[in-house]
Amino acid sequence: MSINVKTLLGKNNLDFSISCLRSFVENSETPIRLVILDDGSLTSVEVERLQSAFKDCKIVTRQDRDSIIQEKLKNYPTCYKYREQVIYAHKIFDAMLYDDEDLIFIDSDVYFKRKYTWPDFNGIPTFMMGRQHAYSFTHMEFLKVKYPIFPYVNTGMIYCPREKFDLAFIEEVLNDQIINKGIGRISWLEQTMWAFIAAKAGAIRYFDPFQVVMAGGDLILKENTLAVHLVSAYRGEYKLLLKEDVINKDKIEPIKLITKTKFVSIPAFWIDRLKKKLRRHFKPYKPVAA
């Protein structure tokens, strides 16, 4: 039995996206069927390429899903507005509401080096673990945020059960004075909203950050590294990953999960922002030549 996994995709950097998604599909012990949500930029040429690369994929154009999602958001005007204005909001609303399945989602910039098996999520929202609290508010604004939030959420990979997705709650949070300012201005708002959704559920799991790692200036792949999230600033690392030998490449490794229940505290958030400033000052990132 295959697993349906959604991704949001456009025509930009399509070669890179196909390589990453192919590594994800081909290294999975369980068959994966990609459900590709078109960001509105795919033409018939790109659609044909994707159908050739992933034989059993399903491609859902923005036009095909607009009426479905708009109908489901008609009683949630701020959610509706956010989706209309910001393509990243489709990672929340379109990914979750297009069908009735629990959501498994992957960005098209996560590259898998090793064969792997899927974990049992047990109905707990699960995400990648980032290197920082990459959220849509400043350390000063966080003092005024009245909703709890989990730390270090990165939405390169997402699992969310249907029962944990509450549109009324999302509408309420988006109408918060601090959070609302991020609509149309801050791309991290999507990631922030997922962290709030998980916090409302009361528990969160992270893919083991030593197995599924965030690219960074100090990126070192270890024997148990399965995948790397190559966010935009680090995509120069991609060709190096292709060249690097993989130890025990045929060994199938289970993806491990880490469970957390502690929300971000104000001191922890402030310390994280200070560390971020220090890293930028003392260790500026220098892209690797492709």
# chains A, B, ... in the order shown; residues from 1 in each chain; ligands from 1
$ residues_around --residues "Thr225 of chain A" --least-positions-apart "4" --cutoff "7 Å" --atoms "only C-alpha atoms" --output "ChimeraX atom specification"
/A:210-212,221
$ residues_around --residues "Arg62 of chain A" --least-positions-apart "4" --cutoff "7 Å" --atoms "only C-alpha atoms" --output "MDAnalysis selection string"
chainID A and resid 38:40 66
$ closest_atom_pairs --of "segment 96-140 of chain A" --to "segment 171-183 of chain A" --cutoff "12 Å" --atoms "only C-alpha atoms" --output "CSV"
residue,atom,partner,partner_atom,distance
A:Tyr135,CA,A:Gly182,CA,9.8
A:Ser136,CA,A:Gly182,CA,6.2
A:Phe137,CA,A:Ile179,CA,7.1
A:Thr138,CA,A:Ile178,CA,9.5
A:His139,CA,A:Ile178,CA,11.6
A:Met140,CA,A:Ile178,CA,10.5
$ residues_around --residues "segment 103-110 of chain A" --least-positions-apart "2" --cutoff "6 Å" --atoms "only C-alpha atoms" --output "list in words"
Val5, Lys6, Thr7, Ser17, Cys20, Leu21, Gly156, Met157, Ile158, Tyr159, Cys160, Val228, His229 and Leu230 of chain A
$ residues_around --residues "segment 267-272 of chain A" --least-positions-apart "4" --cutoff "7 Å" --atoms "only C-alpha atoms" --output "short mmCIF file (atom, residue, chain, number, x, y, z; two decimals) with C-alpha atoms, in the first residue's frame"
data_model
loop_
_atom_site.label_atom_id
_atom_site.label_comp_id
_atom_site.auth_asym_id
_atom_site.auth_seq_id
_atom_site.Cartn_x
_atom_site.Cartn_y
_atom_site.Cartn_z
CA GLN A 132 16.23 28.63 15.15
CA HIS A 133 12.77 29.82 16.14
CA HIS A 139 11.47 39.09 20.33
CA LYS A 276 21.13 34.32 15.54
#
$ select_by_dssp --residues "segment 29-265 of chain A" --states "alpha helix (DSSP H)" --output "PyMOL selection string"
chain A and resi 44-53+62-72+77-85+93-97+139-142+167-174+177-180+189-201+238-243
$ atom_distance --atom1 "atom CA of Glu190 of chain A" --atom2 "atom CA of Lys91 of chain A"
7.4 Å
$ closest_residue --among "A:Ser41, A:Asn4, A:Thr261, A:Asn122" --to "Asp99 of chain A" --atoms "only C-alpha atoms"
A:Asn4
$ residues_around --residues "segment 24-30 of chain A" --least-positions-apart "5" --cutoff "6 Å" --atoms "only C-alpha atoms" --output "PyMOL selection string"
chain A and resi 112+115-117
$ residues_around --residues "segment 249-258 of chain A" --least-positions-apart "2" --cutoff "9 Å" --atoms "only C-alpha atoms" --output "PyMOL selection string"
chain A and resi 27-29+113-121+126+204-209+211-212+224+226+245-247+260
$ write_last_selection --atoms "C-alpha atoms" --output "PDB file, in the first residue's frame"
ATOM      1  CA  ASN A  27      14.746   5.784  -1.043  1.00  0.00           C
ATOM      2  CA  SER A  28      11.474   5.033   0.747  1.00  0.00           C
ATOM      3  CA  GLU A  29      10.859   1.378   1.610  1.00  0.00           C
ATOM      4  CA  LYS A 113      20.875  10.274   0.799  1.00  0.00           C
ATOM      5  CA  ARG A 114      19.835   6.947   2.309  1.00  0.00           C
ATOM      6  CA  LYS A 115      17.083   4.356   2.233  1.00  0.00           C
ATOM      7  CA  TYR A 116      14.565   4.763   5.037  1.00  0.00           C
ATOM      8  CA  THR A 117      11.349   3.492   6.585  1.00  0.00           C
ATOM      9  CA  TRP A 118       8.499   5.638   7.838  1.00  0.00           C
ATOM     10  CA  PRO A 119       7.771   6.057  11.546  1.00  0.00           C
ATOM     11  CA  ASP A 120       4.435   5.547  13.281  1.00  0.00           C
ATOM     12  CA  PHE A 121       3.145   9.068  13.944  1.00  0.00           C
ATOM     13  CA  THR A 126       5.324  16.047  13.453  1.00  0.00           C
ATOM     14  CA  ILE A 204       4.714  17.682  19.019  1.00  0.00           C
ATOM     15  CA  ARG A 205       7.171  15.315  17.443  1.00  0.00           C
ATOM     16  CA  TYR A 206      10.253  16.144  15.417  1.00  0.00           C
ATOM     17  CA  PHE A 207      12.023  14.024  12.871  1.00  0.00           C
ATOM     18  CA  ASP A 208      15.364  13.195  14.476  1.00  0.00           C
ATOM     19  CA  PRO A 209      17.499  16.269  13.630  1.00  0.00           C
ATOM     20  CA  GLN A 211      18.880  12.039  10.627  1.00  0.00           C
ATOM     21  CA  VAL A 212      16.898  14.772   8.846  1.00  0.00           C
ATOM     22  CA  ASN A 224      23.119   8.191  10.256  1.00  0.00           C
ATOM     23  CA  LEU A 226      19.226  10.344   5.936  1.00  0.00           C
ATOM     24  CA  ASP A 245      29.831   8.584  -0.975  1.00  0.00           C
ATOM     25  CA  VAL A 246      27.159   7.121   1.294  1.00  0.00           C
ATOM     26  CA  ILE A 247      28.232   4.670   3.996  1.00  0.00           C
ATOM     27  CA  LYS A 260       8.246  17.351  23.084  1.00  0.00           C
TER      28      LYS A 260
END
$ atom_distance --atom1 "atom CA of Phe150 of chain A" --atom2 "atom CA of Ile32 of chain A"
28.9 Å
$ atom_distance --atom1 "atom CA of Asn12 of chain A" --atom2 "atom CA of Val47 of chain A"
12.9 Å
$ residues_around --residues "Phe54 of chain A" --least-positions-apart "4" --cutoff "12 Å" --atoms "only C-alpha atoms" --output "list of chain:residue names"
A:Ile18, A:Ser19, A:Leu21, A:Arg22, A:Ser23, A:Phe24, A:Val25, A:Glu26, A:Pro31, A:Ile32, A:Arg33, A:Leu34, A:Val35, A:Ile36, A:Val47, A:Glu48, A:Arg49, A:Leu50, A:Lys58, A:Ile59
$ select_by_dssp --residues "segment 26-191 of chain A" --states "strand (DSSP E)" --output "PyMOL selection string"
chain A and resi 32-38+58-60+103-106+110-112+116-117+126-129+153-160
$ write_last_selection --atoms "N, CA and C atoms" --output "short mmCIF file (atom, residue, chain, number, x, y, z; two decimals), in the first residue's frame"
data_model
loop_
_atom_site.label_atom_id
_atom_site.label_comp_id
_atom_site.auth_asym_id
_atom_site.auth_seq_id
_atom_site.Cartn_x
_atom_site.Cartn_y
_atom_site.Cartn_z
N ILE A 32 5.60 5.51 -2.44
CA ILE A 32 5.06 6.85 -2.24
C ILE A 32 4.40 7.33 -3.53
N ARG A 33 3.22 7.89 -3.36
CA ARG A 33 2.54 8.55 -4.47
C ARG A 33 2.53 10.04 -4.18
N LEU A 34 3.18 10.81 -5.03
CA LEU A 34 3.22 12.26 -4.85
C LEU A 34 1.91 12.89 -5.32
N VAL A 35 1.40 13.78 -4.49
CA VAL A 35 0.27 14.63 -4.87
C VAL A 35 0.84 16.04 -4.99
N ILE A 36 1.04 16.50 -6.20
CA ILE A 36 1.74 17.76 -6.47
C ILE A 36 0.73 18.89 -6.59
N LEU A 37 0.83 19.84 -5.66
CA LEU A 37 -0.03 21.02 -5.69
C LEU A 37 0.67 22.10 -6.50
N ASP A 38 0.16 22.39 -7.65
CA ASP A 38 0.72 23.43 -8.53
C ASP A 38 0.55 24.80 -7.88
N LYS A 58 -0.06 12.53 -8.85
CA LYS A 58 -1.28 13.28 -9.14
C LYS A 58 -0.93 14.76 -9.10
N ILE A 59 -1.23 15.48 -10.15
CA ILE A 59 -0.95 16.91 -10.20
C ILE A 59 -2.27 17.67 -10.11
N VAL A 60 -2.36 18.51 -9.09
CA VAL A 60 -3.58 19.28 -8.85
C VAL A 60 -3.28 20.74 -9.15
N LEU A 103 -2.49 14.61 6.79
CA LEU A 103 -1.51 15.23 5.89
C LEU A 103 -0.10 14.71 6.13
N ILE A 104 0.53 14.29 5.04
CA ILE A 104 1.99 14.13 5.00
C ILE A 104 2.47 15.03 3.87
N PHE A 105 3.41 15.91 4.19
CA PHE A 105 3.84 16.94 3.23
C PHE A 105 5.36 17.01 3.24
N ILE A 106 5.94 17.25 2.07
CA ILE A 106 7.38 17.48 1.99
C ILE A 106 7.66 18.63 1.04
N VAL A 110 14.17 18.97 -0.05
CA VAL A 110 14.70 18.01 0.93
C VAL A 110 15.30 16.84 0.15
N TYR A 111 16.60 16.66 0.29
CA TYR A 111 17.31 15.63 -0.49
C TYR A 111 17.66 14.45 0.40
N PHE A 112 17.25 13.24 -0.01
CA PHE A 112 17.50 12.02 0.76
C PHE A 112 18.73 11.30 0.22
N TYR A 116 15.19 4.53 3.73
CA TYR A 116 14.56 4.76 5.04
C TYR A 116 13.19 4.11 5.11
N THR A 117 12.72 3.93 6.35
CA THR A 117 11.35 3.49 6.59
C THR A 117 10.62 4.57 7.37
N THR A 126 3.89 16.31 13.55
CA THR A 126 5.32 16.05 13.45
C THR A 126 5.93 16.96 12.39
N PHE A 127 7.13 17.49 12.71
CA PHE A 127 7.79 18.45 11.82
C PHE A 127 9.30 18.22 11.84
N MET A 128 9.98 18.85 10.91
CA MET A 128 11.43 18.94 11.01
C MET A 128 11.78 19.88 12.14
N MET A 129 12.98 19.70 12.68
CA MET A 129 13.48 20.60 13.72
C MET A 129 14.45 21.59 13.08
N VAL A 153 10.11 24.75 15.05
CA VAL A 153 9.34 24.08 14.00
C VAL A 153 9.84 24.51 12.63
N ASN A 154 10.14 23.52 11.80
CA ASN A 154 10.47 23.77 10.40
C ASN A 154 9.54 22.90 9.56
N THR A 155 8.95 23.49 8.54
CA THR A 155 7.91 22.78 7.78
C THR A 155 8.42 22.17 6.48
N GLY A 156 9.70 21.79 6.46
CA GLY A 156 10.22 21.05 5.32
C GLY A 156 9.56 19.70 5.17
N MET A 157 9.18 19.11 6.32
CA MET A 157 8.38 17.88 6.34
C MET A 157 7.31 18.04 7.41
N ILE A 158 6.10 17.63 7.09
CA ILE A 158 4.96 17.82 8.00
C ILE A 158 4.12 16.55 8.05
N TYR A 159 3.71 16.19 9.26
CA TYR A 159 2.59 15.26 9.42
C TYR A 159 1.58 15.94 10.33
N CYS A 160 0.31 15.95 9.92
CA CYS A 160 -0.75 16.51 10.76
C CYS A 160 -2.03 15.71 10.55
#
$ closest_atom_pairs --of "segment 90-193 of chain A" --to "segment 80-84 of chain A" --cutoff "8 Å" --atoms "only C-alpha atoms" --output "tab-separated table"
residue	atom	partner	partner_atom	distance
A:His90	CA	A:Arg83	CA	6.2
A:Phe93	CA	A:Arg83	CA	7.3
A:Ile183	CA	A:Tyr82	CA	6.1
A:Gly184	CA	A:Tyr82	CA	7.3
$ decode --residues "segment 99-143 of chain A" --atoms "N, CA and C atoms" --output "compact mmCIF listing (two decimals), in the first residue's frame"
# COMPACT_ATOMS: atom_id res chain seq x y z
N ASP A 99 -8.29 17.22 0.43
CA ASP A 99 -8.96 15.93 0.60
C ASP A 99 -9.18 15.69 2.10
N ASP A 100 -9.62 14.51 2.45
CA ASP A 100 -9.97 14.21 3.84
C ASP A 100 -8.91 13.38 4.55
N GLU A 101 -7.73 13.26 3.97
CA GLU A 101 -6.68 12.43 4.55
C GLU A 101 -5.88 13.19 5.61
N ASP A 102 -5.26 12.44 6.52
CA ASP A 102 -4.22 13.03 7.35
C ASP A 102 -3.12 13.52 6.42
N LEU A 103 -2.49 14.61 6.79
CA LEU A 103 -1.51 15.23 5.89
C LEU A 103 -0.10 14.71 6.13
N ILE A 104 0.53 14.29 5.04
CA ILE A 104 1.99 14.13 5.00
C ILE A 104 2.47 15.03 3.87
N PHE A 105 3.41 15.91 4.19
CA PHE A 105 3.84 16.94 3.23
C PHE A 105 5.36 17.01 3.24
N ILE A 106 5.94 17.25 2.07
CA ILE A 106 7.38 17.48 1.99
C ILE A 106 7.66 18.63 1.04
N ASP A 107 8.60 19.48 1.41
CA ASP A 107 9.08 20.51 0.49
C ASP A 107 9.91 19.86 -0.61
N SER A 108 10.04 20.55 -1.71
CA SER A 108 10.78 20.00 -2.85
C SER A 108 12.26 20.32 -2.80
N ASP A 109 12.76 20.71 -1.60
CA ASP A 109 14.19 20.96 -1.44
C ASP A 109 14.79 20.11 -0.32
N VAL A 110 14.17 18.97 -0.05
CA VAL A 110 14.70 18.01 0.93
C VAL A 110 15.30 16.84 0.15
N TYR A 111 16.60 16.66 0.29
CA TYR A 111 17.31 15.63 -0.49
C TYR A 111 17.66 14.45 0.40
N PHE A 112 17.25 13.24 -0.01
CA PHE A 112 17.50 12.02 0.76
C PHE A 112 18.73 11.30 0.22
N LYS A 113 19.64 10.97 1.15
CA LYS A 113 20.88 10.27 0.80
C LYS A 113 20.79 8.77 1.02
N ARG A 114 19.86 8.34 1.86
CA ARG A 114 19.84 6.95 2.31
C ARG A 114 18.43 6.37 2.21
N LYS A 115 18.37 5.05 2.19
CA LYS A 115 17.08 4.36 2.23
C LYS A 115 16.51 4.45 3.64
N TYR A 116 15.19 4.53 3.73
CA TYR A 116 14.56 4.76 5.04
C TYR A 116 13.19 4.11 5.11
N THR A 117 12.72 3.93 6.35
CA THR A 117 11.35 3.49 6.59
C THR A 117 10.62 4.57 7.37
N TRP A 118 9.32 4.62 7.19
CA TRP A 118 8.50 5.64 7.84
C TRP A 118 8.24 5.29 9.30
N PRO A 119 8.12 6.30 10.15
CA PRO A 119 7.77 6.06 11.55
C PRO A 119 6.26 5.93 11.72
N ASP A 120 5.85 5.52 12.91
CA ASP A 120 4.43 5.55 13.28
C ASP A 120 4.18 6.88 13.98
N PHE A 121 3.35 7.72 13.40
CA PHE A 121 3.15 9.07 13.94
C PHE A 121 2.21 9.09 15.16
N ASN A 122 1.40 8.07 15.31
CA ASN A 122 0.49 7.98 16.47
C ASN A 122 -0.38 9.22 16.67
N GLY A 123 -0.75 9.87 15.58
CA GLY A 123 -1.67 11.00 15.67
C GLY A 123 -1.10 12.27 16.27
N ILE A 124 0.23 12.38 16.38
CA ILE A 124 0.86 13.56 16.96
C ILE A 124 1.48 14.40 15.84
N PRO A 125 1.16 15.69 15.73
CA PRO A 125 1.76 16.53 14.69
C PRO A 125 3.28 16.45 14.73
N THR A 126 3.89 16.31 13.55
CA THR A 126 5.32 16.05 13.45
C THR A 126 5.93 16.96 12.39
N PHE A 127 7.13 17.49 12.71
CA PHE A 127 7.79 18.45 11.82
C PHE A 127 9.30 18.22 11.84
N MET A 128 9.98 18.85 10.91
CA MET A 128 11.43 18.94 11.01
C MET A 128 11.78 19.88 12.14
N MET A 129 12.98 19.70 12.68
CA MET A 129 13.48 20.60 13.72
C MET A 129 14.45 21.59 13.08
N GLY A 130 14.13 22.88 13.17
CA GLY A 130 14.98 23.90 12.59
C GLY A 130 16.15 24.27 13.48
N ARG A 131 16.97 25.18 13.01
CA ARG A 131 18.12 25.65 13.76
C ARG A 131 17.81 26.87 14.61
N GLN A 132 16.63 27.44 14.41
CA GLN A 132 16.23 28.63 15.15
C GLN A 132 14.71 28.68 15.23
N HIS A 133 14.21 29.58 16.09
CA HIS A 133 12.77 29.82 16.14
C HIS A 133 12.41 30.75 14.98
N ALA A 134 12.22 30.17 13.81
CA ALA A 134 12.00 30.97 12.59
C ALA A 134 10.52 31.31 12.47
N TYR A 135 10.10 32.29 13.27
CA TYR A 135 8.70 32.66 13.35
C TYR A 135 8.51 34.11 12.91
N SER A 136 7.25 34.50 12.78
CA SER A 136 6.91 35.75 12.09
C SER A 136 6.91 36.98 13.00
N PHE A 137 7.28 36.82 14.27
CA PHE A 137 7.27 37.96 15.19
C PHE A 137 8.66 38.18 15.77
N THR A 138 8.92 39.40 16.21
CA THR A 138 10.19 39.75 16.82
C THR A 138 10.20 39.33 18.28
N HIS A 139 11.37 39.44 18.91
CA HIS A 139 11.47 39.09 20.33
C HIS A 139 10.63 40.03 21.19
N MET A 140 10.49 41.28 20.76
CA MET A 140 9.65 42.22 21.50
C MET A 140 8.17 41.90 21.30
N GLU A 141 7.80 41.55 20.08
CA GLU A 141 6.40 41.20 19.80
C GLU A 141 5.99 39.93 20.52
N PHE A 142 6.96 39.03 20.73
CA PHE A 142 6.64 37.77 21.40
C PHE A 142 6.10 38.00 22.81
N LEU A 143 6.47 39.11 23.42
CA LEU A 143 5.95 39.45 24.75
C LEU A 143 4.43 39.61 24.72
